[in-house]
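S.K.: Provided herewith: input.csv, CSV, C-alpha atoms.
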chain,number,residue,atom,x,y,z
A,18,MET,CA,14.3,61.9,-27.0
A,19,SER,CA,11.2,61.7,-24.7
A,20,PRO,CA,11.4,60.1,-21.3
A,21,VAL,CA,9.4,57.1,-22.6
A,22,GLN,CA,11.8,56.6,-25.4
A,23,GLU,CA,14.7,56.8,-22.9
A,24,LEU,CA,12.9,54.2,-20.7
A,25,GLU,CA,12.1,52.0,-23.7
A,26,ILE,CA,15.8,51.8,-24.3
A,27,ALA,CA,16.3,50.9,-20.6
A,28,GLY,CA,13.8,48.0,-20.9
A,29,LEU,CA,10.4,49.6,-20.4
A,30,THR,CA,7.5,47.4,-21.5
A,31,PRO,CA,3.7,47.9,-21.3
A,32,GLU,CA,3.7,45.6,-18.2
A,33,THR,CA,6.5,47.3,-16.3
A,34,THR,CA,6.0,48.8,-12.8
A,35,LEU,CA,8.1,51.8,-11.9
A,36,LEU,CA,8.8,53.8,-8.8
A,37,ILE,CA,9.8,57.4,-9.3
A,38,ALA,CA,11.8,58.7,-6.3
A,39,GLY,CA,13.4,62.0,-5.7
A,40,PRO,CA,13.5,65.1,-3.5
A,41,PRO,CA,10.5,67.5,-3.6
A,42,MET,CA,10.2,69.8,-6.6
A,43,THR,CA,12.3,67.7,-8.9
A,44,GLY,CA,9.4,67.0,-11.4
A,45,LYS,CA,8.2,63.6,-10.3
A,46,LEU,CA,4.5,64.3,-11.0
A,47,ASP,CA,5.2,65.7,-14.4
A,48,LEU,CA,7.4,62.7,-15.2
A,49,LEU,CA,4.8,60.3,-13.8
A,50,LEU,CA,1.9,61.9,-15.8
A,51,GLY,CA,4.0,62.1,-19.0
A,52,LEU,CA,5.1,58.4,-18.8
A,53,LEU,CA,1.5,57.4,-18.0
A,54,ALA,CA,0.0,59.4,-20.8
A,55,GLN,CA,2.5,58.0,-23.3
A,56,SER,CA,2.4,54.4,-22.1
A,57,ALA,CA,-1.3,53.8,-21.7
A,58,ASP,CA,-4.5,54.6,-23.7
A,59,ARG,CA,-6.7,54.4,-20.5
A,60,SER,CA,-5.5,55.3,-17.0
A,61,ILE,CA,-6.5,54.8,-13.4
A,62,LEU,CA,-5.0,57.4,-11.1
A,63,VAL,CA,-4.9,57.2,-7.3
A,64,SER,CA,-4.3,60.7,-5.8
A,65,THR,CA,-3.3,61.3,-2.2
A,66,LYS,CA,-2.0,64.9,-2.8
A,67,TYR,CA,-4.2,66.7,-5.3
A,68,GLY,CA,-7.9,66.6,-5.9
A,69,ALA,CA,-9.2,64.7,-8.9
A,70,GLU,CA,-10.0,67.8,-10.9
A,71,GLU,CA,-6.5,69.3,-10.7
A,72,LEU,CA,-4.8,66.0,-11.3
A,73,LEU,CA,-7.0,65.2,-14.3
A,74,ASP,CA,-6.3,68.7,-15.8
A,75,ARG,CA,-2.6,68.0,-15.5
A,76,TYR,CA,-2.9,64.5,-16.8
A,77,ARG,CA,-4.8,65.6,-19.9
A,78,ALA,CA,-2.3,68.4,-20.5
A,79,ALA,CA,0.5,65.8,-20.3
A,80,ALA,CA,-1.4,63.7,-22.8
A,81,ASP,CA,-2.1,66.7,-24.9
A,82,GLU,CA,-5.7,65.4,-25.2
A,83,PRO,CA,-8.4,67.3,-23.4
A,84,ASP,CA,-10.8,64.3,-23.5
A,85,ARG,CA,-8.4,61.5,-22.6
A,86,VAL,CA,-10.2,58.7,-20.7
A,87,ALA,CA,-9.2,58.4,-17.0
A,88,ALA,CA,-10.6,57.3,-13.7
A,89,VAL,CA,-9.5,58.7,-10.4
A,90,ILE,CA,-9.5,57.4,-6.8
A,91,ASP,CA,-9.4,60.8,-5.0
A,92,CYS,CA,-8.1,60.5,-1.4
A,93,VAL,CA,-8.0,64.2,-0.9
A,94,THR,CA,-11.4,65.8,-1.6
A,95,ASP,CA,-14.0,65.5,1.2
A,96,PRO,CA,-16.7,63.3,-0.3
A,97,GLU,CA,-19.3,65.5,1.5
A,98,THR,CA,-18.2,68.7,-0.3
A,99,GLU,CA,-17.1,67.5,-3.7
A,100,THR,CA,-18.9,69.2,-6.5
A,101,GLY,CA,-18.7,66.3,-8.8
A,102,LEU,CA,-17.0,65.6,-12.1
A,103,ASP,CA,-19.9,63.4,-13.3
A,104,GLY,CA,-19.7,62.9,-17.0
A,105,VAL,CA,-16.2,64.2,-17.2
A,106,ALA,CA,-14.4,61.3,-15.5
A,107,ASP,CA,-15.1,58.3,-13.3
A,108,VAL,CA,-14.1,59.6,-9.9
A,109,ARG,CA,-14.3,57.7,-6.6
A,110,TYR,CA,-14.0,59.8,-3.5
A,111,VAL,CA,-12.3,58.0,-0.6
A,112,GLY,CA,-11.8,60.9,1.7
A,113,SER,CA,-8.4,59.9,3.2
A,114,ALA,CA,-5.2,58.1,2.2
A,115,ARG,CA,-5.5,56.2,5.5
A,116,ARG,CA,-8.6,54.4,4.1
A,117,LEU,CA,-6.6,51.6,2.5
A,118,THR,CA,-9.6,49.3,2.3
A,119,ARG,CA,-11.6,51.9,0.5
A,120,ILE,CA,-8.8,52.4,-2.0
A,121,GLY,CA,-8.5,48.7,-2.4
A,122,VAL,CA,-12.2,48.2,-2.9
A,123,GLU,CA,-12.6,51.0,-5.4
A,124,PHE,CA,-9.6,49.8,-7.4
A,125,PRO,CA,-10.9,46.4,-8.6
A,126,ASP,CA,-14.2,48.1,-9.5
A,127,LEU,CA,-12.4,50.5,-11.8
A,128,VAL,CA,-10.2,47.6,-13.1
A,129,GLY,CA,-13.4,45.8,-14.0
A,130,GLU,CA,-14.8,48.8,-15.9
A,131,ALA,CA,-11.5,49.3,-17.8
A,132,MET,CA,-11.5,45.6,-18.8
A,133,ALA,CA,-15.1,45.8,-19.9
A,134,ALA,CA,-14.5,48.7,-22.2
A,135,ASP,CA,-15.0,48.0,-25.9
A,136,GLU,CA,-11.5,48.9,-26.8
A,137,PRO,CA,-9.5,49.3,-23.6
A,138,GLY,CA,-6.1,49.5,-25.3
A,139,GLU,CA,-3.2,49.7,-23.0
A,140,VAL,CA,-4.1,50.4,-19.4
A,141,GLY,CA,-1.9,52.2,-17.0
A,142,VAL,CA,-2.2,52.8,-13.2
A,143,ALA,CA,-0.5,55.6,-11.4
A,144,PHE,CA,-0.2,56.2,-7.6
A,145,HIS,CA,0.6,59.8,-6.6
A,146,THR,CA,2.0,59.9,-4.0
A,147,LEU,CA,3.2,57.1,-1.6
A,148,SER,CA,4.6,59.8,0.7
A,149,THR,CA,1.1,60.6,1.9
A,150,LEU,CA,0.4,57.0,2.7
A,151,ILE,CA,3.6,56.7,4.7
A,152,MET,CA,2.9,59.9,6.6
A,153,GLN,CA,-0.6,58.7,7.6
A,154,SER,CA,0.0,55.0,8.2
A,155,GLU,CA,2.5,52.7,9.6
A,156,VAL,CA,5.1,51.5,7.1
A,157,GLU,CA,4.3,47.8,7.4
A,158,PRO,CA,0.6,48.1,6.4
A,159,VAL,CA,1.7,50.4,3.6
A,160,TYR,CA,4.2,47.8,2.4
A,161,GLN,CA,1.5,45.1,2.5
A,162,PHE,CA,-1.0,47.3,0.8
A,163,LEU,CA,1.3,48.0,-2.1
A,164,GLN,CA,2.1,44.3,-2.5
A,165,VAL,CA,-1.6,43.6,-3.1
A,166,PHE,CA,-2.3,46.8,-5.1
A,167,PHE,CA,0.6,46.5,-7.5
A,168,GLY,CA,0.1,42.7,-7.5
A,169,GLN,CA,-3.3,43.4,-9.1
A,170,VAL,CA,-1.7,45.7,-11.6
A,171,ARG,CA,1.0,43.1,-12.6
A,172,SER,CA,-1.6,40.3,-12.7
A,173,ALA,CA,-3.6,42.4,-15.1
A,174,GLY,CA,-0.5,42.8,-17.3
A,175,TRP,CA,-0.7,46.6,-17.0
A,176,PHE,CA,1.8,49.5,-16.8
A,177,GLY,CA,2.1,50.7,-13.2
A,178,ILE,CA,3.9,53.7,-11.8
A,179,ALA,CA,4.1,55.4,-8.4
A,180,ALA,CA,6.0,58.4,-7.0
A,181,ILE,CA,7.5,59.1,-3.6
A,182,ASP,CA,9.0,62.3,-2.2
A,183,ALA,CA,12.3,60.8,-1.0
A,184,PRO,CA,15.6,60.2,-2.7
A,185,ALA,CA,16.8,56.8,-3.8
A,186,GLY,CA,18.7,55.2,-1.0
A,187,SER,CA,16.4,56.6,1.7
A,188,ALA,CA,14.8,54.2,4.1
A,189,ASP,CA,11.3,54.4,2.6
A,190,VAL,CA,12.6,54.0,-1.0
A,191,THR,CA,14.9,51.1,-0.2
A,192,LEU,CA,12.0,49.3,1.4
A,193,LEU,CA,9.2,50.0,-1.1
A,194,GLN,CA,11.3,49.7,-4.3
A,195,HIS,CA,11.0,45.9,-4.1
A,196,HIS,CA,7.4,46.2,-5.3
A,197,PHE,CA,8.6,47.7,-8.6
A,198,ASP,CA,10.6,46.5,-11.6
A,199,GLY,CA,12.5,49.7,-11.9
A,200,LEU,CA,13.4,52.8,-10.0
A,201,VAL,CA,13.4,56.2,-11.7
A,202,GLU,CA,15.5,58.7,-9.8
A,203,THR,CA,14.9,62.5,-10.3
A,204,ARG,CA,17.1,65.4,-9.3
A,205,GLU,CA,17.6,69.1,-9.9
A,206,THR,CA,21.0,70.2,-11.0
A,207,ASP,CA,22.8,73.3,-9.7
A,208,ALA,CA,21.7,75.0,-13.0
A,209,GLY,CA,18.1,74.3,-12.2
A,210,ASP,CA,17.6,71.5,-14.8
A,211,ARG,CA,15.6,68.5,-13.9
A,212,GLU,CA,17.1,65.1,-14.7
A,213,PHE,CA,16.2,61.5,-14.3
A,214,ARG,CA,17.9,58.1,-14.6
A,215,VAL,CA,16.6,54.5,-14.5
A,216,ARG,CA,17.8,51.6,-12.4
A,217,GLY,CA,16.7,48.1,-12.2
A,218,LEU,CA,15.5,47.4,-15.7
A,219,THR,CA,19.0,46.8,-17.0
A,220,PRO,CA,22.1,45.6,-15.2
A,221,THR,CA,23.5,49.1,-15.0
A,222,ALA,CA,21.8,52.5,-14.3
A,223,SER,CA,21.0,54.6,-17.4
A,224,PRO,CA,22.8,58.0,-17.7
A,225,TRP,CA,21.2,61.1,-16.2
A,226,ARG,CA,19.0,62.8,-18.8
A,227,SER,CA,17.2,66.1,-18.8
A,228,PHE,CA,13.4,66.2,-19.0
U,23,MET,CA,4.4,29.3,11.3
U,24,THR,CA,4.4,26.1,9.2
U,25,ARG,CA,1.0,24.6,9.0
U,26,ALA,CA,0.4,20.9,9.8
U,27,ASP,CA,-0.9,18.8,7.0
U,28,PRO,CA,-3.8,18.3,6.9
U,29,ALA,CA,-4.9,21.7,8.3
U,30,THR,CA,-6.8,21.7,11.6
U,31,VAL,CA,-10.4,23.0,11.8
U,32,LEU,CA,-12.2,23.6,15.0
U,33,ILE,CA,-16.0,23.7,14.8
U,34,VAL,CA,-17.7,25.5,17.7
U,35,GLU,CA,-21.4,24.7,17.4
U,36,ASP,CA,-23.9,23.9,20.1
U,37,GLU,CA,-26.1,21.7,18.0
U,38,GLU,CA,-24.3,18.4,18.2
U,39,GLU,CA,-25.8,16.8,15.1
U,40,LEU,CA,-25.0,19.9,13.0
U,41,ALA,CA,-21.4,19.9,14.3
U,42,ALA,CA,-21.1,16.3,13.4
U,43,GLU,CA,-22.4,16.9,9.9
U,44,TYR,CA,-19.9,19.8,9.4
U,45,ALA,CA,-17.1,17.5,10.6
U,46,ASP,CA,-18.2,14.9,8.1
U,47,TRP,CA,-18.2,17.3,5.2
U,48,LEU,CA,-14.7,18.5,6.2
U,49,GLY,CA,-13.2,15.0,6.4
U,50,GLU,CA,-10.1,16.0,4.4
U,51,TYR,CA,-9.0,18.2,7.4
U,52,ALA,CA,-8.1,17.3,11.0
U,53,VAL,CA,-11.4,18.4,12.5
U,54,HIS,CA,-12.3,19.0,16.2
U,55,THR,CA,-15.7,19.9,17.6
U,56,ALA,CA,-16.7,21.9,20.6
U,57,HIS,CA,-20.2,22.6,21.8
U,58,THR,CA,-19.6,25.6,24.1
U,59,ALA,CA,-17.3,28.6,24.1
U,60,ALA,CA,-15.4,27.2,27.0
U,61,GLU,CA,-14.7,23.9,25.2
U,62,GLY,CA,-13.7,25.8,22.2
U,63,LEU,CA,-11.2,27.9,24.1
U,64,ASP,CA,-9.8,24.8,25.9
U,65,ARG,CA,-9.2,23.2,22.5
U,66,LEU,CA,-7.5,26.3,21.2
U,67,GLU,CA,-5.2,26.4,24.2
U,68,SER,CA,-4.3,22.8,23.9
U,69,GLU,CA,-3.1,22.7,20.2
U,70,PRO,CA,-2.7,24.9,17.2
U,71,VAL,CA,-5.8,25.4,15.1
U,72,ASP,CA,-5.8,26.9,11.5
U,73,VAL,CA,-9.5,27.7,11.1
U,74,VAL,CA,-12.3,28.2,13.6
U,75,LEU,CA,-15.9,27.9,12.4
U,76,LEU,CA,-17.8,29.7,15.1
U,77,ASP,CA,-21.5,29.7,15.9
U,78,ARG,CA,-22.7,33.1,17.0
U,79,ARG,CA,-25.1,31.8,19.6
U,80,LEU,CA,-23.5,29.4,22.2
U,81,PRO,CA,-25.0,28.2,25.5
U,82,ASP,CA,-22.4,29.7,27.9
U,83,ARG,CA,-21.5,32.9,26.2
U,84,PRO,CA,-21.9,34.7,22.8
U,85,GLY,CA,-19.7,33.6,19.9
U,86,SER,CA,-18.6,37.2,19.7
U,87,GLU,CA,-17.0,37.0,23.1
U,88,LEU,CA,-15.2,33.8,22.2
U,89,LEU,CA,-14.0,35.6,19.1
U,90,SER,CA,-12.6,38.5,21.3
U,91,ALA,CA,-10.9,35.9,23.5
U,92,ILE,CA,-9.3,34.2,20.6
U,93,ARG,CA,-7.9,37.6,19.3
U,94,GLU,CA,-6.8,38.8,22.7
U,95,ARG,CA,-4.9,35.6,23.4
U,96,GLY,CA,-3.2,35.9,20.1
U,97,HIS,CA,-4.3,32.6,18.6
U,98,ASP,CA,-3.0,32.7,15.0
U,99,CYS,CA,-6.1,31.3,13.2
U,100,GLN,CA,-8.7,32.3,10.7
U,101,VAL,CA,-12.2,32.6,12.1
U,102,ALA,CA,-15.5,32.4,10.2
U,103,MET,CA,-18.8,33.0,12.0
U,104,ILE,CA,-21.5,30.6,10.8
U,105,THR,CA,-24.8,31.5,12.2
U,106,ALA,CA,-28.6,31.7,11.7
U,107,VAL,CA,-28.5,35.4,12.7
U,108,ASP,CA,-28.7,37.8,9.7
U,109,PRO,CA,-25.6,40.1,9.7
U,110,ASP,CA,-26.1,43.6,11.1
U,111,PHE,CA,-23.7,46.5,11.0
U,112,ASP,CA,-22.0,45.1,14.2
U,113,VAL,CA,-20.2,42.4,12.0
U,114,LEU,CA,-18.2,45.3,10.5
U,115,GLU,CA,-16.6,45.8,14.0
U,116,MET,CA,-15.9,42.1,14.5
U,117,ALA,CA,-12.4,40.7,13.9
U,118,ILE,CA,-13.7,37.9,11.8
U,119,ASP,CA,-12.4,36.6,8.5
U,120,ASP,CA,-15.7,35.7,7.1
U,121,TYR,CA,-19.4,35.6,8.0
U,122,VAL,CA,-21.8,32.9,6.6
U,123,VAL,CA,-25.5,32.6,7.2
U,124,LYS,CA,-27.0,29.2,7.8
U,125,PRO,CA,-28.0,26.9,6.2
U,126,VAL,CA,-24.6,26.0,4.8
U,127,LEU,CA,-24.1,23.2,2.3
U,128,GLY,CA,-21.1,20.9,2.2
U,129,ASP,CA,-19.5,22.4,-0.9
U,130,ASP,CA,-19.9,25.9,0.6
U,131,LEU,CA,-18.2,24.9,3.8
U,132,ARG,CA,-15.3,23.2,2.0
U,133,GLU,CA,-14.9,26.3,-0.2
U,134,LEU,CA,-15.0,28.6,2.8
U,135,VAL,CA,-12.2,26.6,4.6
U,136,ASP,CA,-10.1,26.4,1.4
U,137,SER,CA,-10.5,30.2,0.9
U,138,LEU,CA,-9.6,31.0,4.5
U,139,LEU,CA,-6.5,28.8,4.3
U,140,GLN,CA,-5.4,30.4,1.0
U,141,LEU,CA,-5.8,33.9,2.6
U,142,ALA,CA,-3.7,32.7,5.6
U,143,ASP,CA,-1.0,31.5,3.3
U,144,TYR,CA,-1.1,34.8,1.4
U,145,ASP,CA,-0.8,36.7,4.7
U,146,GLU,CA,2.1,34.6,5.8
U,147,LEU,CA,4.0,35.3,2.6
U,148,VAL,CA,3.3,39.0,2.7
U,149,GLN,CA,4.7,39.1,6.2
U,150,GLU,CA,7.7,37.2,5.2
U,151,SER,CA,8.2,39.6,2.3
U,152,PHE,CA,8.1,42.6,4.6
U,153,SER,CA,10.5,40.9,7.0
U,154,ILE,CA,13.0,40.3,4.3
U,155,ALA,CA,12.6,43.8,2.8
U,156,SER,CA,13.2,45.3,6.2
U,157,LYS,CA,16.5,43.4,6.6
U,158,LEU,CA,17.6,44.4,3.1
U,159,ARG,CA,16.7,48.0,3.8
U,160,ALA,CA,19.0,48.0,6.9
U,161,ILE,CA,21.9,47.1,4.6
U,162,ASP,CA,20.8,49.2,1.6
U,163,GLU,CA,20.7,52.5,3.6
U,164,GLY,CA,23.9,51.7,5.6
U,165,ASP,CA,27.6,52.1,5.1
U,166,ARG,CA,28.0,48.6,3.6
U,167,ALA,CA,25.4,49.1,0.8
U,168,GLU,CA,28.1,49.0,-2.0
U,169,GLU,CA,29.4,45.6,-0.8
U,170,ALA,CA,25.9,44.0,-0.5
U,171,ALA,CA,25.8,42.6,-4.0
U,172,ASP,CA,28.8,40.4,-3.2
U,173,HIS,CA,27.4,39.0,0.0
U,174,ALA,CA,25.8,35.5,-0.4
U,175,GLU,CA,23.1,35.9,2.2
U,176,TYR,CA,22.1,39.3,0.9
U,177,ARG,CA,21.8,37.9,-2.6
U,178,ARG,CA,19.8,34.9,-1.3
U,179,LEU,CA,17.3,37.1,0.5
U,180,ARG,CA,17.0,39.4,-2.5
U,181,ASP,CA,16.2,36.4,-4.7
U,182,ARG,CA,13.8,35.1,-2.1
U,183,LEU,CA,12.0,38.4,-2.1
U,184,ARG,CA,11.6,38.3,-5.9
U,185,THR,CA,10.3,34.7,-5.7
U,186,LEU,CA,7.8,35.8,-3.0
U,187,ARG,CA,6.6,38.7,-5.2
U,188,ASP,CA,5.9,36.2,-8.0
U,189,GLU,CA,4.2,33.8,-5.7
U,190,LEU,CA,2.0,36.5,-4.2
U,191,ASP,CA,1.1,37.9,-7.7
U,192,GLU,CA,0.1,34.4,-8.7
U,193,SER,CA,-2.1,34.1,-5.6
U,194,ILE,CA,-3.7,37.5,-6.4
U,195,GLU,CA,-4.9,36.2,-9.7
U,196,GLY,CA,-6.9,33.5,-7.9
U,197,PHE,CA,-8.7,35.8,-5.4
U,198,ASP,CA,-12.2,37.1,-6.0
U,199,GLU,CA,-13.3,40.6,-5.0
U,200,ARG,CA,-14.6,39.4,-1.6
U,201,GLU,CA,-11.2,37.8,-0.8
U,202,LEU,CA,-9.4,40.9,-1.9
U,203,ASP,CA,-11.7,43.0,0.2
U,204,ARG,CA,-10.8,40.8,3.2
U,205,ILE,CA,-7.1,41.2,2.5
U,206,TYR,CA,-7.3,45.0,2.4
U,207,ARG,CA,-9.4,45.0,5.6
U,208,ASP,CA,-6.8,42.9,7.4
U,209,ILE,CA,-4.1,45.3,6.3
U,210,GLU,CA,-5.9,48.4,7.3
U,211,GLY,CA,-6.8,46.6,10.6
U,212,ARG,CA,-3.1,46.4,11.4
U,213,ASP,CA,-2.5,50.1,10.9
U,214,VAL,CA,-2.2,52.1,14.1
U,215,GLY,CA,-0.6,55.1,12.4
U,216,GLU,CA,-1.5,58.7,13.0
Would you mind writing the structure in this file as structure tokens?
M.R.:
Amino acid sequence: MSPVQELEIAGLTPETTLLIAGPPMTGKLDLLLGLLAQSADRSILVSTKYGAEELLDRYRAAADEPDRVAAVIDCVTDPETETGLDGVADVRYVGSARRLTRIGVEFPDLVGEAMAADEPGEVGVAFHTLSTLIMQSEVEPVYQFLQVFFGQVRSAGWFGIAAIDAPAGSADVTLLQHHFDGLVETRETDAGDREFRVRGLTPTASPWRSF
Amino acid sequence: MTRADPATVLIVEDEEELAAEYADWLGEYAVHTAHTAAEGLDRLESEPVDVVLLDRRLPDRPGSELLSAIRERGHDCQVAMITAVDPDFDVLEMAIDDYVVKPVLGDDLRELVDSLLQLADYDELVQESFSIASKLRAIDEGDRAEEAADHAEYRRLRDRLRTLRDELDESIEGFDERELDRIYRDIEGRDVGE
């Protein structure tokens, strides 16, 4: 059973917002991209850790479609040195994850383009990773930013997903999880397997599953 | 802070006839007028004001200096600059909530004040949301986390947080791009992180 099927059983809908939380190297990005690729026909990705080119490659591999439509707000690549992905994807270079206004300004623009598409299908929005935001900004503005950002996602009736490099129960996760309908926890077992479980979509947490 | 009903608007405009016309247009609010920066500041010191409509050119000192004084003294109000001066890049540095170039019509002015009040409401709810989430976090990451679900005040705050999220989402649907831009700028403006 795929993670999406597992999540559907746990109450996932096309309008759900999810936070993936777990220690580093427990597969959060793979899970995020896989869920996004399977839940949405058209995606908007905000990247604070990898450049647009690398993230798009990984997203399209996760979707198993080399031409999957996606737009990226790239907060990593220096706008002065980017070589350009024109014609390959709609990429907006913001330059830094601290530039919350620029992220916020670019986002509705991409939303407008997605809505104006002939056949937009299901739209999904992913934010990878919130950890960079918290490292570079105070926690209160980050909290407020996410309220507005994912408020826009929910208002549009879209699937939204974000990842954070911190385990469930940590200070940052307990604070920020209120912006999301459900929490997806990841972990690595002693045998090296990666597992996830879902909380918040149903009254009890789902069992741990490999992915 | 709970706002008085009707909301209070302070017009700081040196042209007395124009100030009176603005006041007339904004008759649904409690309106005060001032014709110099000093008068405006006195009014702000004497009672709470929700929205200040500020002329950029005043006889005793520039409107930008009055704006700085308002912010430095911590007056919790929305400020829009209404002026005949075309905006230059310096407005990007100003702690204003909006900038409108004269001439302004009655409908535009009412719309401006309505929009500023909506944004103030939104901001207040977001801050309440953060305050509640911070309290819940203190419990969630502590030793008593497992008992939290049985605690009445914890449940009340958690429910309030959900209600706030719904109310804030509803507000978002009503904002245009310019208002969203303003919200994001306000948030970034509060950030003093590394």
S.K.: Within 9 Å of (-9.9, 45.0, -1.3) (file coordinates; all atoms listed in the file), which protein or nucleic acid residues are there? I'd like them as a PyMOL selection string.
M.R.: (chain A and resi 117-125+165-166) or (chain U and resi 199-207)
S.K.: Since we have the selection now, will you write its residues out, keeping C-alpha atoms, as a compact mmCIF listing (two decimals), in the frame of the given file?
M.R.:
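As written to disk, again-v4.txt reads:
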# COMPACT_ATOMS: atom_id res chain seq x y z
CA LEU A 117 -6.60 51.60 2.50
CA THR A 118 -9.60 49.30 2.30
CA ARG A 119 -11.60 51.90 0.50
CA ILE A 120 -8.80 52.40 -2.00
CA GLY A 121 -8.50 48.70 -2.40
CA VAL A 122 -12.20 48.20 -2.90
CA GLU A 123 -12.60 51.00 -5.40
CA PHE A 124 -9.60 49.80 -7.40
CA PRO A 125 -10.90 46.40 -8.60
CA VAL A 165 -1.60 43.60 -3.10
CA PHE A 166 -2.30 46.80 -5.10
CA GLU U 199 -13.30 40.60 -5.00
CA ARG U 200 -14.60 39.40 -1.60
CA GLU U 201 -11.20 37.80 -0.80
CA LEU U 202 -9.40 40.90 -1.90
CA ASP U 203 -11.70 43.00 0.20
CA ARG U 204 -10.80 40.80 3.20
CA ILE U 205 -7.10 41.20 2.50
CA TYR U 206 -7.30 45.00 2.40
CA ARG U 207 -9.40 45.00 5.60
S.K.: What are the residues of chain A that have an atom within 12 Å of an atom of chain U, counting all atoms listed in the file, as an MDAnalysis selection string?
M.R.: chainID A and resid 114:126 128:129 149:174 184:198
S.K.: Give the answer as one residue: which of A:Pro83, A:Gly138, A:Pro220, A:Pro20 has the shortest atom-to-atom distance to A:Lys45, using all atoms listed in the file?
M.R.: A:Pro20
S.K.: Considering only C-alpha atoms, state which residue in the set U:Leu88, U:Asp181, U:Leu63, U:Val122 is at the smallest distance from U:Pro109.
M.R.: U:Val122
S.K.: To one decimal place in Å, what is the distance between atom CA of U:Val101 and atom CA of U:Leu48?
M.R.: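 Computing the Euclidean distance for atom CA of U:Val101 and atom CA of U:Leu48 yields 15.5 Å.
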S.K.: Pick the closest to A:Leu29 from A:Ala131, A:Arg211, A:Ser56, A:Glu136: which is it, counting only C-alpha atoms?
M.R.: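 The closest residue to A:Leu29 is A:Ser56.
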S.K.: Extract, using all atoms listed in the file, all DNA, RNA and protein residues at most 9 Å from stretch 31-43 of chain U, discarding same-chain residues fewer than 5 positions from it, and format them as a compact mmCIF listing (two decimals) with C-alpha atoms, in the frame of the given file.
M.R.:
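Printed below is selection-v3.txt as written:
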# COMPACT_ATOMS: atom_id res chain seq x y z
CA LEU U 48 -14.70 18.50 6.20
CA TYR U 51 -9.00 18.20 7.40
CA ALA U 52 -8.10 17.30 11.00
CA VAL U 53 -11.40 18.40 12.50
CA HIS U 54 -12.30 19.00 16.20
CA THR U 55 -15.70 19.90 17.60
CA ALA U 56 -16.70 21.90 20.60
CA HIS U 57 -20.20 22.60 21.80
CA THR U 58 -19.60 25.60 24.10
CA ALA U 59 -17.30 28.60 24.10
CA GLU U 61 -14.70 23.90 25.20
CA GLY U 62 -13.70 25.80 22.20
CA ARG U 65 -9.20 23.20 22.50
CA LEU U 66 -7.50 26.30 21.20
CA VAL U 71 -5.80 25.40 15.10
CA ASP U 72 -5.80 26.90 11.50
CA VAL U 73 -9.50 27.70 11.10
CA VAL U 74 -12.30 28.20 13.60
CA LEU U 75 -15.90 27.90 12.40
CA LEU U 76 -17.80 29.70 15.10
CA ASP U 77 -21.50 29.70 15.90
CA ARG U 78 -22.70 33.10 17.00
CA ARG U 79 -25.10 31.80 19.60
CA LEU U 80 -23.50 29.40 22.20
CA PRO U 81 -25.00 28.20 25.50
CA GLY U 85 -19.70 33.60 19.90
CA ILE U 104 -21.50 30.60 10.80
CA GLY U 128 -21.10 20.90 2.20
CA VAL U 135 -12.20 26.60 4.60
S.K.: Fewer than 4 positions away in the same chain doesn't count, so skip those; otherwise give me all residues within 12 Å of A:Arg214, counting all atoms listed in the file, as a PyMOL selection string.
M.R.: chain A and resi 20-21+23-24+26-27+35-39+45+48+185+199-205+218-219+221-228
